[in-house]
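Pasting query.txt here (compact mmCIF, C-alpha atoms):
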# COMPACT_ATOMS: atom_id res chain seq x y z
CA MET A 115 34.12 -0.82 25.16
CA GLU A 116 36.89 -2.12 23.01
CA PRO A 117 36.45 -4.16 19.84
CA ALA A 118 38.10 -7.09 21.57
CA GLU A 119 35.42 -7.04 24.24
CA ALA A 120 32.70 -7.03 21.60
CA GLU A 121 34.38 -10.01 19.99
CA PHE A 122 34.38 -11.80 23.33
CA LEU A 123 30.65 -11.34 23.62
CA ALA A 124 30.16 -12.47 20.04
CA GLU A 125 31.88 -15.75 20.75
CA LYS A 126 28.92 -16.91 22.77
CA GLU A 127 26.86 -17.29 19.62
CA LEU A 128 26.06 -20.82 18.54
CA VAL A 129 27.37 -22.35 15.35
CA THR A 130 27.00 -25.79 13.91
CA ILE A 131 29.99 -28.06 13.58
CA PRO A 132 30.04 -31.56 12.22
CA LEU A 133 32.83 -33.46 13.87
CA LEU A 134 35.61 -34.92 11.85
CA LEU A 135 37.47 -37.23 14.10
CA PRO A 136 36.11 -39.69 16.57
CA TYR A 137 35.59 -37.62 19.61
CA SER A 138 32.50 -39.01 21.10
CA CYS A 139 31.93 -38.22 24.71
CA LEU A 140 29.43 -36.30 26.72
CA GLN A 141 30.75 -32.90 27.63
CA PHE A 142 29.41 -30.86 30.50
CA ILE A 143 30.74 -27.36 30.51
CA PHE A 144 29.90 -24.69 33.08
CA GLN A 145 27.69 -22.75 30.75
CA GLY A 146 25.34 -25.63 30.26
CA ASP A 147 25.49 -29.06 28.79
CA LEU A 148 26.99 -29.52 25.39
CA GLY A 149 26.89 -32.74 23.56
CA PRO A 150 26.72 -35.63 23.15
CA PHE A 151 29.46 -35.44 20.58
CA ASN A 152 29.11 -38.20 18.06
CA PRO A 153 31.60 -38.28 15.22
CA GLY A 154 30.19 -37.21 11.90
CA LEU A 155 27.00 -35.73 13.27
CA PRO A 156 26.64 -31.95 13.35
CA VAL A 157 26.13 -30.37 16.74
CA GLU A 158 25.66 -26.80 17.90
CA VAL A 159 28.35 -25.29 20.04
CA PRO A 160 29.44 -21.76 20.94
CA VAL A 161 31.89 -20.11 18.59
CA TRP A 162 34.76 -20.06 21.06
CA LEU A 163 34.66 -23.82 21.38
CA ALA A 164 34.27 -24.31 17.66
CA ILE A 165 37.33 -22.16 16.89
CA ASN A 166 39.32 -24.03 19.50
CA LEU A 167 38.41 -27.43 18.14
CA LYS A 168 39.03 -26.27 14.61
CA GLN A 169 42.52 -25.09 15.51
CA ARG A 170 43.20 -28.51 16.96
CA GLN A 171 41.82 -30.02 13.76
CA LYS A 172 39.11 -31.93 15.47
CA CYS A 173 36.18 -30.60 13.57
CA ARG A 174 34.92 -28.81 10.52
CA LEU A 175 32.86 -25.64 10.61
CA VAL A 176 29.61 -25.00 8.83
CA PRO A 177 28.98 -21.32 8.11
CA PRO A 178 25.77 -19.84 9.46
CA GLU A 179 22.97 -19.71 6.94
CA TRP A 180 23.22 -15.96 6.44
CA MET A 181 26.88 -16.14 5.44
CA ASP A 182 26.05 -16.79 1.82
CA VAL A 183 26.78 -14.63 -1.20
CA GLU A 184 23.22 -14.13 -2.43
CA LYS A 185 21.83 -13.43 1.00
CA LEU A 186 24.55 -10.92 1.77
CA GLU A 187 24.05 -9.21 -1.58
CA GLU A 188 20.36 -8.88 -0.78
CA ILE A 189 21.13 -7.41 2.61
CA ARG A 190 23.64 -5.00 1.16
CA ASP A 191 21.23 -3.76 -1.50
CA GLN A 192 18.47 -3.33 0.99
CA GLU A 193 20.79 -1.39 3.27
CA ARG A 194 21.65 0.94 0.43
CA LYS A 195 18.01 1.57 -0.45
CA GLU A 196 16.63 2.26 2.99
CA ASP A 197 17.26 5.35 5.06
CA THR A 198 16.91 3.52 8.32
CA PHE A 199 18.92 0.55 9.44
CA THR A 200 17.82 -2.89 8.32
CA PRO A 201 17.85 -5.64 10.91
CA MET A 202 21.01 -7.66 10.49
CA PRO A 203 20.93 -11.46 10.51
CA SER A 204 22.99 -11.57 13.65
CA PRO A 205 23.71 -8.84 16.16
CA TYR A 206 27.36 -9.77 15.90
CA TYR A 207 27.74 -10.10 12.17
CA MET A 208 31.01 -8.20 11.99
CA GLU A 209 32.75 -10.16 14.70
CA LEU A 210 31.50 -13.51 13.44
CA THR A 211 32.63 -12.71 9.93
CA LYS A 212 36.08 -11.86 11.11
CA LEU A 213 36.40 -14.91 13.36
CA LEU A 214 35.02 -17.45 10.94
CA LEU A 215 36.83 -16.12 7.93
CA ASN A 216 40.12 -16.00 9.77
CA TYR A 217 40.04 -19.45 11.24
CA ALA A 218 37.78 -21.45 8.98
CA SER A 219 37.99 -19.95 5.52
CA ASP A 220 38.54 -23.34 3.98
CA ASN A 221 35.12 -24.44 5.14
CA ILE A 222 33.34 -21.39 3.80
CA PRO A 223 32.76 -21.08 0.09
CA LYS A 224 33.64 -17.78 -1.61
CA ALA A 225 35.24 -16.36 1.53
CA ASP A 226 36.70 -13.30 -0.18
CA GLU A 227 33.42 -12.27 -1.73
CA ILE A 228 31.71 -12.64 1.59
CA ARG A 229 34.33 -10.49 3.24
CA THR A 230 33.85 -7.77 0.61
CA LEU A 231 30.08 -7.87 0.90
CA VAL A 232 30.12 -7.62 4.66
CA LYS A 233 32.58 -4.74 4.48
CA ASP A 234 30.33 -2.93 2.01
CA THR A 235 27.34 -3.33 4.27
CA TRP A 236 29.40 -2.16 7.24
CA ASP A 237 30.52 0.97 5.39
CA THR A 238 26.98 1.82 4.35
CA ARG A 239 25.70 1.45 7.89
CA LEU A 240 28.46 3.57 9.35
CA ALA A 241 27.81 6.29 6.79
CA LYS A 242 24.13 6.29 7.76
CA LEU A 243 25.09 6.48 11.41
CA ARG A 244 27.29 9.49 10.82
CA LEU A 245 24.60 11.19 8.79
CA SER A 246 22.04 10.75 11.51
CA ALA A 247 24.53 11.91 14.16
CA ASP A 248 25.17 15.03 12.15
CA SER A 249 21.50 15.85 11.72
CA PHE A 250 20.96 15.15 15.41
CA VAL A 251 23.60 17.68 16.36
CA ARG A 252 22.57 20.22 13.78
CA GLN A 253 19.00 20.35 14.94
CA GLN A 254 19.98 20.13 18.60
CA GLU A 255 17.49 17.39 19.29
CA ALA A 256 17.18 16.06 22.77
CA HIS A 257 16.45 12.46 21.98
CA ALA A 258 17.10 10.08 19.14
CA LYS A 259 16.25 6.45 18.60
CA LEU A 260 18.10 4.17 16.23
CA ASP A 261 16.94 0.62 15.71
CA ASN A 262 18.95 -2.35 14.59
CA LEU A 263 22.41 -1.08 15.41
CA THR A 264 24.99 -3.62 16.42
CA LEU A 265 27.43 -3.31 19.29
CA MET A 266 30.48 -2.92 17.10
CA GLU A 267 29.01 0.05 15.24
CA ILE A 268 28.05 1.74 18.47
CA ASN A 269 31.60 1.22 19.79
CA THR A 270 33.22 2.86 16.82
CA THR A 271 31.26 6.09 16.99
CA GLY A 272 30.25 6.04 20.64
CA THR A 273 33.11 7.83 22.38
CA PHE A 274 33.33 10.62 19.87
CA LEU A 275 29.61 11.23 19.83
CA THR A 276 29.15 11.28 23.58
CA GLN A 277 32.04 13.69 24.05
CA ALA A 278 30.75 16.01 21.36
CA LEU A 279 27.28 15.95 22.85
CA ASP A 280 28.73 16.72 26.30
CA HIS A 281 30.45 19.80 24.90
CA MET A 282 27.32 20.85 23.12
CA TYR A 283 25.29 20.50 26.27
CA LYS A 284 27.68 22.69 28.22
CA LEU A 285 27.68 25.31 25.50
CA ARG A 286 23.89 25.22 25.49
CA THR A 287 23.62 25.81 29.21
CA ASN A 288 25.70 28.93 28.64
CA LEU A 289 22.75 30.35 26.76
CA GLN A 290 20.63 30.52 29.84
CA PRO A 291 21.75 33.34 32.14
CA GLY A 292 21.02 31.23 35.20
CA GLU A 293 22.44 32.13 38.56
CA SER A 294 25.35 34.53 38.50
CA ALA A 295 28.88 33.30 38.98
CA HIS A 296 30.29 33.34 42.46
CA SER A 297 32.00 36.55 43.34
CA GLN A 298 33.85 37.47 46.42
CA ASP A 299 33.45 40.75 48.15
CA TYR A 300 36.47 41.85 50.09
CA MET B 141 44.69 -0.37 26.11
CA SER B 142 44.31 1.82 29.17
CA GLU B 143 45.95 5.20 29.36
CA ALA B 144 48.68 6.23 31.72
CA TYR B 145 46.40 8.70 33.42
CA HIS B 146 43.01 10.25 32.81
CA PRO B 147 43.37 13.98 32.30
CA VAL B 148 40.79 16.29 33.79
CA GLY B 149 38.89 17.89 30.96
CA PRO B 150 38.14 21.57 30.64
CA GLY B 151 34.99 22.81 32.27
CA LEU B 152 33.16 24.43 29.43
CA GLY B 153 30.65 26.48 31.24
CA LEU B 154 30.86 29.65 33.23
CA GLU B 155 33.13 27.95 35.74
CA GLU B 156 36.48 26.46 34.93
CA ASN B 157 37.75 23.17 36.24
CA PHE B 158 40.41 23.94 38.78
CA LEU B 159 42.54 20.89 37.98
CA SER B 160 42.28 21.01 34.22
CA LEU B 161 45.49 21.86 32.38
CA ASP B 162 43.52 23.07 29.40
CA ASP B 163 41.65 25.54 31.55
CA ILE B 164 44.85 26.82 33.15
CA LEU B 165 46.43 27.44 29.77
CA MET B 166 43.25 28.98 28.49
CA SER B 167 42.97 31.48 31.29
CA GLN B 168 46.42 32.81 30.41
CA GLU B 169 45.02 34.34 27.22
CA LYS B 170 44.87 38.10 27.29
CA LEU B 171 41.88 40.37 27.20
CA PRO B 172 41.89 44.00 26.22
CA GLY B 173 40.68 46.17 29.05
CA ARG B 174 40.82 49.55 30.64
CA ALA B 175 41.73 50.67 34.12
CA GLU B 176 38.76 52.38 35.68
CA SER B 177 40.60 53.84 38.62
CA ALA B 178 44.22 54.71 39.08
CA LEU B 179 46.28 51.72 40.09
CA PRO B 180 49.10 52.94 42.29
CA ARG B 181 52.47 51.24 41.98
CA LEU B 182 51.20 48.45 39.76
CA ALA B 183 52.64 49.54 36.46
CA PHE B 184 55.49 47.10 36.74
CA ALA B 185 53.26 44.17 37.50
CA LEU B 186 51.07 44.88 34.53
CA GLY B 187 53.98 45.34 32.19
CA GLN B 188 53.66 49.03 31.55
CA GLY B 189 56.30 50.84 33.51
CA ALA B 190 59.97 50.46 34.28
CA GLY B 191 60.18 51.49 37.89
CA THR B 192 58.43 49.84 40.78
CA GLY B 193 56.91 53.10 41.85
CA ASP B 194 55.00 53.91 38.69
CA SER B 195 51.28 53.86 38.77
CA ILE B 196 48.81 53.36 36.01
CA PRO B 197 46.64 56.39 35.38
CA GLU B 198 42.89 56.13 34.95
CA GLN B 199 41.38 55.07 31.67
CA SER B 200 44.58 53.68 30.25
CA LYS B 201 44.40 50.60 28.11
CA LEU B 202 45.69 47.32 29.44
CA GLU B 203 46.08 43.78 28.22
CA ILE B 204 45.37 41.49 31.11
CA PRO B 205 45.19 37.72 31.31
CA LEU B 206 41.78 36.20 31.94
CA TRP B 207 42.52 34.94 35.43
CA LEU B 208 43.47 38.43 36.53
CA ALA B 209 40.48 39.97 34.81
CA LYS B 210 38.11 37.57 36.51
CA GLY B 211 39.60 38.31 39.89
CA LEU B 212 39.54 42.07 39.52
CA HIS B 213 36.15 42.28 37.89
CA ASP B 214 33.54 43.70 40.21
CA SER B 215 30.69 45.93 39.16
CA LYS B 216 30.70 47.77 42.45
CA ARG B 217 34.36 48.60 42.87
CA ARG B 218 35.16 49.43 39.27
CA ILE B 219 38.81 48.54 39.17
CA ILE B 220 38.96 47.50 35.55
CA SER B 221 36.54 47.12 32.73
CA VAL B 222 37.00 44.58 29.99
CA GLU B 223 36.26 44.70 26.32
CA LEU B 224 35.65 41.80 24.03
CA PRO B 225 38.55 40.50 21.98
CA LYS B 226 37.91 41.07 18.33
CA ILE B 227 36.90 37.55 17.41
CA TYR B 228 33.92 37.74 19.66
CA LYS B 229 32.77 41.02 18.25
CA GLU B 230 30.07 41.70 15.72
CA ALA B 231 32.25 41.56 12.61
CA TRP B 232 33.67 38.14 13.31
CA ARG B 233 30.34 36.86 14.53
CA THR B 234 28.89 37.40 11.08
CA VAL B 235 31.83 35.52 9.57
CA PHE B 236 31.12 32.59 11.84
CA SER B 237 27.45 32.55 11.00
CA ALA B 238 28.19 32.67 7.29
CA ASP B 239 30.50 29.68 7.23
CA ALA B 240 32.25 28.47 10.31
CA ASN B 241 34.28 25.82 8.54
CA VAL B 242 36.74 28.15 6.85
CA VAL B 243 37.92 29.89 9.98
CA ASP B 244 41.29 28.93 11.36
CA LEU B 245 40.30 28.58 14.99
CA HIS B 246 43.76 27.63 16.09
CA LYS B 247 45.18 30.93 15.00
CA MET B 248 42.34 32.89 16.54
CA GLY B 249 43.34 31.87 20.01
CA PRO B 250 43.54 28.12 20.46
CA TYR B 251 40.81 28.14 23.09
CA TYR B 252 37.92 29.73 21.25
CA TYR B 253 35.14 27.84 22.96
CA GLY B 254 36.57 27.86 26.45
CA PHE B 255 37.57 31.49 26.39
CA GLY B 256 34.25 32.50 24.91
CA SER B 257 32.39 30.70 27.66
CA GLN B 258 34.47 32.50 30.26
CA LEU B 259 33.73 35.85 28.69
CA LEU B 260 30.10 35.32 29.56
CA ASN B 261 31.10 35.86 33.16
CA PHE B 262 31.55 39.55 32.58
CA ASP B 263 28.40 41.58 32.24
CA ASN B 264 28.11 42.58 28.68
CA PRO B 265 24.98 43.31 26.70
CA GLU B 266 26.16 41.15 23.83
CA ASN B 267 26.44 37.97 25.93
CA PRO B 268 23.44 36.09 24.48
CA GLU B 269 24.70 36.61 20.95
CA ILE B 270 28.18 35.48 21.87
CA ALA B 271 26.83 32.31 23.47
CA GLN B 272 24.67 31.62 20.47
CA THR B 273 27.53 32.15 18.04
CA ILE B 274 29.83 29.82 19.94
CA LEU B 275 27.19 27.10 19.94
CA GLN B 276 26.41 27.48 16.26
CA THR B 277 30.08 27.42 15.34
CA PHE B 278 30.54 24.17 17.19
CA ILE B 279 27.56 22.60 15.50
CA SER B 280 28.62 23.56 12.00
CA ARG B 281 32.18 22.35 12.44
CA PHE B 282 31.10 19.08 14.04
CA ARG B 283 30.44 17.30 10.77
CA ARG B 284 33.83 17.99 9.33
CA ILE B 285 35.64 16.89 12.48
CA MET B 286 33.65 13.67 12.61
CA ASP B 287 34.29 12.80 8.98
CA SER B 288 37.96 13.62 8.99
CA SER B 289 38.73 11.87 12.27
CA GLN B 290 36.91 8.68 11.36
CA ASN B 291 38.35 8.33 7.89
CA ALA B 292 42.00 9.22 8.19
CA TYR B 293 43.76 6.00 9.06
CA ASN B 294 47.55 5.90 9.19
CA GLU B 295 47.87 9.24 7.47
CA ASP B 296 49.52 12.44 8.45
CA THR B 297 46.75 14.38 10.08
CA SER B 298 48.56 17.64 10.66
CA VAL B 299 46.78 19.33 7.78
CA LEU B 300 43.39 18.31 9.11
CA VAL B 301 44.12 19.36 12.65
CA ALA B 302 45.81 22.66 11.88
CA ARG B 303 42.65 24.71 11.84
CA LEU B 304 40.97 23.24 14.89
CA ASP B 305 41.02 24.71 18.33
CA GLU B 306 42.02 22.67 21.37
CA LEU B 307 38.56 21.39 22.21
CA GLU B 308 38.05 20.17 18.66
CA ARG B 309 41.48 18.59 18.67
CA ALA B 310 40.55 16.52 21.71
CA LEU B 311 37.44 15.34 19.89
CA PHE B 312 39.52 14.54 16.84
CA GLN B 313 41.82 12.41 18.98
CA ALA B 314 38.85 10.51 20.36
CA GLY B 315 37.62 9.75 16.87
CA GLN B 316 41.07 8.68 15.72
CA LYS B 317 41.47 6.42 18.70
CA ALA B 318 38.20 4.66 17.97
CA LEU B 319 39.21 4.19 14.35
CA ASN B 320 42.65 2.87 15.27
CA ASP B 321 41.22 0.48 17.82
CA PHE B 322 38.83 -0.93 15.27
CA GLN B 323 41.45 -1.33 12.56
CA CYS B 324 43.86 -2.89 14.99
CA TRP B 325 41.21 -5.38 16.03
CA GLU B 326 40.34 -6.20 12.48
CA LYS B 327 43.94 -6.96 11.66
CA GLY B 328 44.10 -9.29 14.59
CA GLN B 329 46.54 -7.21 16.59
CA ALA B 330 44.15 -6.84 19.47
CA SER B 331 45.01 -10.27 20.77
CA GLN B 332 48.76 -9.77 20.56
CA ILE B 333 50.54 -8.88 23.73
CA THR B 334 52.45 -5.63 23.49
CA ALA B 335 54.44 -3.73 26.08
CA SER B 336 52.38 -1.16 27.93
CA SER B 337 53.08 2.47 27.14
CA LEU B 338 53.72 3.09 30.83
CA VAL B 339 56.60 0.70 30.91
CA GLN B 340 58.20 1.56 27.62
CA ASN B 341 59.51 4.82 28.96
CA TYR B 342 61.39 3.28 31.83
CA GLY B 343 65.09 2.97 31.19
CA LYS B 344 66.47 -0.50 31.73
CA ARG B 345 68.02 -0.79 35.12
CA LYS B 346 70.61 -3.39 35.84
CA PHE B 347 71.12 -5.05 39.17
CA THR B 348 74.63 -3.70 39.43
CA ASP B 349 73.37 -0.12 39.20
CA MET B 350 70.86 -0.70 41.95
CA ASP B 351 73.43 -2.14 44.29
CA ALA B 352 75.94 0.64 43.80
Any chance you could put this one into structure tokens?
Amino acid sequence: MEPAEAEFLAEKELVTIPLLLPYSCLQFIFQGDLGPFNPGLPVEVPVWLAINLKQRQKCRLVPPEWMDVEKLEEIRDQERKEDTFTPMPSPYYMELTKLLLNYASDNIPKADEIRTLVKDTWDTRLAKLRLSADSFVRQQEAHAKLDNLTLMEINTTGTFLTQALDHMYKLRTNLQPGESAHSQDY
Amino acid sequence: MSEAYHPVGPGLGLEENFLSLDDILMSQEKLPGRAESALPRLAFALGQGAGTGDSIPEQSKLEIPLWLAKGLHDSKRRIISVELPKIYKEAWRTVFSADANVVDLHKMGPYYYGFGSQLLNFDNPENPEIAQTILQTFISRFRRIMDSSQNAYNEDTSVLVARLDELERALFQAGQKALNDFQCWEKGQASQITASSLVQNYGKRKFTDMDA
């Protein structure tokens, strides 16, 4: 799966937007009903719609409650302390950060710090993932379980890890003598 | 985004993949061996005589490619017997078990893993140790490949790749691709339309050329 596909899935998440301009009408969209849209009142919509409206300057975006400097610092410190993965506030935190900070950074206070904090957390999690992949391979385990991983992290290491494990499996089956190779007798 | 074609990977077990280019190149590697019976009139084919009528006497040493060795190997008819190349022998096996990361696997025959797996086809009392060594080498080098492929963005990777054999290089490419995809997405280039790699290689054709 490509990062762009993960971003597409992330855009289904709901975010709150208070409307700026008078744009009051009931909107029925195929995914379900959205609305009513009354100007000035915040309403929850999927991210893709919010970004679209924001680009057309019809609304303002409110960052999700976890996108806040103190909260992210807490998450980052906890990530660094624990050996296992901490549950992240949203399963799409990386994609949402990128989308919201690219299109709506004027609505989000301390955008740069947030970007740095999220990147730090991301780096820590990836390092933990690589460490556990290495110990998995080294001990030739058959089964591993990792909680609280997000789709984006799995994408980044997935292809490499599955290929390496394929090779390892084939090399391991060499160890068993098994049935002899086909030979032809003339 | 998608590749021009999906190459068939090497079969890493006792059997090769018939359609895999890697396996074809790998089976060209030479094995030291010995002719068990006299081979009449084959000296020219095996590179050891000048005239077409020369034959190879018994017990003379030969270097034969793997595909030929596999075809001629038969415990009943005793045409040739094969020996292990030196990197699969005892001395090098201890080097690998000491520290596999320092070995230049590209120089040692760029298909260490594939060739080693094929060697297990021939009956040899050391086969279990060879299989074990190959597996352990792969496991110890895995960490370094993973780290270097996932952290080298936009750099010249020739130094990192120089000591890897072909199988490890393919893994390195996979890791690099994942890294590049992620970075490209993060910069926002994933939503830009670019010309496909398939089409970039076509020369521009003009209508006048097609009519003529």
Please, which residues of chain B lie no more than 8 Å from chain A when the count uses all atoms listed in the file, and can they be set out as a PyMOL selection string?
chain B and resi 152-155+214+257+260-261+268+271-272+274-275+278-280+282-283+286-287+311-312+314-315+318-319+321-322+325-326+330-331
Can you tell me which residues surround Asp163 (chain B) at a distance of at most 12 Å, considering only C-alpha atoms, apart from same-chain residues fewer than 4 positions away, and format the answer as a PDB file with C-alpha atoms, in the frame of the given file?
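Written file, around.pdb:
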ATOM      1  CA  PRO B 147      43.370  13.980  32.300  1.00  0.00           C
ATOM      2  CA  VAL B 148      40.790  16.290  33.790  1.00  0.00           C
ATOM      3  CA  GLY B 149      38.890  17.890  30.960  1.00  0.00           C
ATOM      4  CA  PRO B 150      38.140  21.570  30.640  1.00  0.00           C
ATOM      5  CA  GLY B 151      34.990  22.810  32.270  1.00  0.00           C
ATOM      6  CA  LEU B 152      33.160  24.430  29.430  1.00  0.00           C
ATOM      7  CA  GLY B 153      30.650  26.480  31.240  1.00  0.00           C
ATOM      8  CA  LEU B 154      30.860  29.650  33.230  1.00  0.00           C
ATOM      9  CA  GLU B 155      33.130  27.950  35.740  1.00  0.00           C
ATOM     10  CA  GLU B 156      36.480  26.460  34.930  1.00  0.00           C
ATOM     11  CA  ASN B 157      37.750  23.170  36.240  1.00  0.00           C
ATOM     12  CA  PHE B 158      40.410  23.940  38.780  1.00  0.00           C
ATOM     13  CA  LEU B 159      42.540  20.890  37.980  1.00  0.00           C
ATOM     14  CA  SER B 167      42.970  31.480  31.290  1.00  0.00           C
ATOM     15  CA  GLN B 168      46.420  32.810  30.410  1.00  0.00           C
ATOM     16  CA  GLU B 169      45.020  34.340  27.220  1.00  0.00           C
ATOM     17  CA  LEU B 206      41.780  36.200  31.940  1.00  0.00           C
ATOM     18  CA  TRP B 207      42.520  34.940  35.430  1.00  0.00           C
ATOM     19  CA  PRO B 250      43.540  28.120  20.460  1.00  0.00           C
ATOM     20  CA  TYR B 251      40.810  28.140  23.090  1.00  0.00           C
ATOM     21  CA  TYR B 252      37.920  29.730  21.250  1.00  0.00           C
ATOM     22  CA  TYR B 253      35.140  27.840  22.960  1.00  0.00           C
ATOM     23  CA  GLY B 254      36.570  27.860  26.450  1.00  0.00           C
ATOM     24  CA  PHE B 255      37.570  31.490  26.390  1.00  0.00           C
ATOM     25  CA  SER B 257      32.390  30.700  27.660  1.00  0.00           C
ATOM     26  CA  GLN B 258      34.470  32.500  30.260  1.00  0.00           C
ATOM     27  CA  GLU B 306      42.020  22.670  21.370  1.00  0.00           C
ATOM     28  CA  LEU B 307      38.560  21.390  22.210  1.00  0.00           C
TER      29      LEU B 307
END
Straight-line distance linking CA of Ser177 (chain B) with CA of Glu198 (chain B), stated in Å to one decimal
4.9 Å
Of the candidates B:Gln332, B:Ser200, B:Thr273, B:Ser298, which one gets nearest to Leu186 (chain B) if we count all atoms listed in the file?
B:Ser200
Atom-to-atom span, CA of Leu212 (chain B) and CA of Arg233 (chain B), Å:
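It comes out at 27.1 Å.
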Axis-aligned box for region 255-267 of chain B, 4 Å per side, centre and edges in Å as AutoDock Vina command-line options:
--center_x 31.3 --center_y 37.0 --center_z 28.5 --size_x 20.6 --size_y 20.6 --size_z 17.3
Computed interatomic separation between CA of Phe199 (chain A) and CA of Asn291 (chain B) (Å):
21.0 Å
Polymer residues at most 6 Å from region 125-129 of chain A, all atoms listed in the file, same-chain spacing of 4 or more positions, as a list in words:
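The neighbour list is Glu158, Val159, Pro160, Val161 and Trp162 of chain A.
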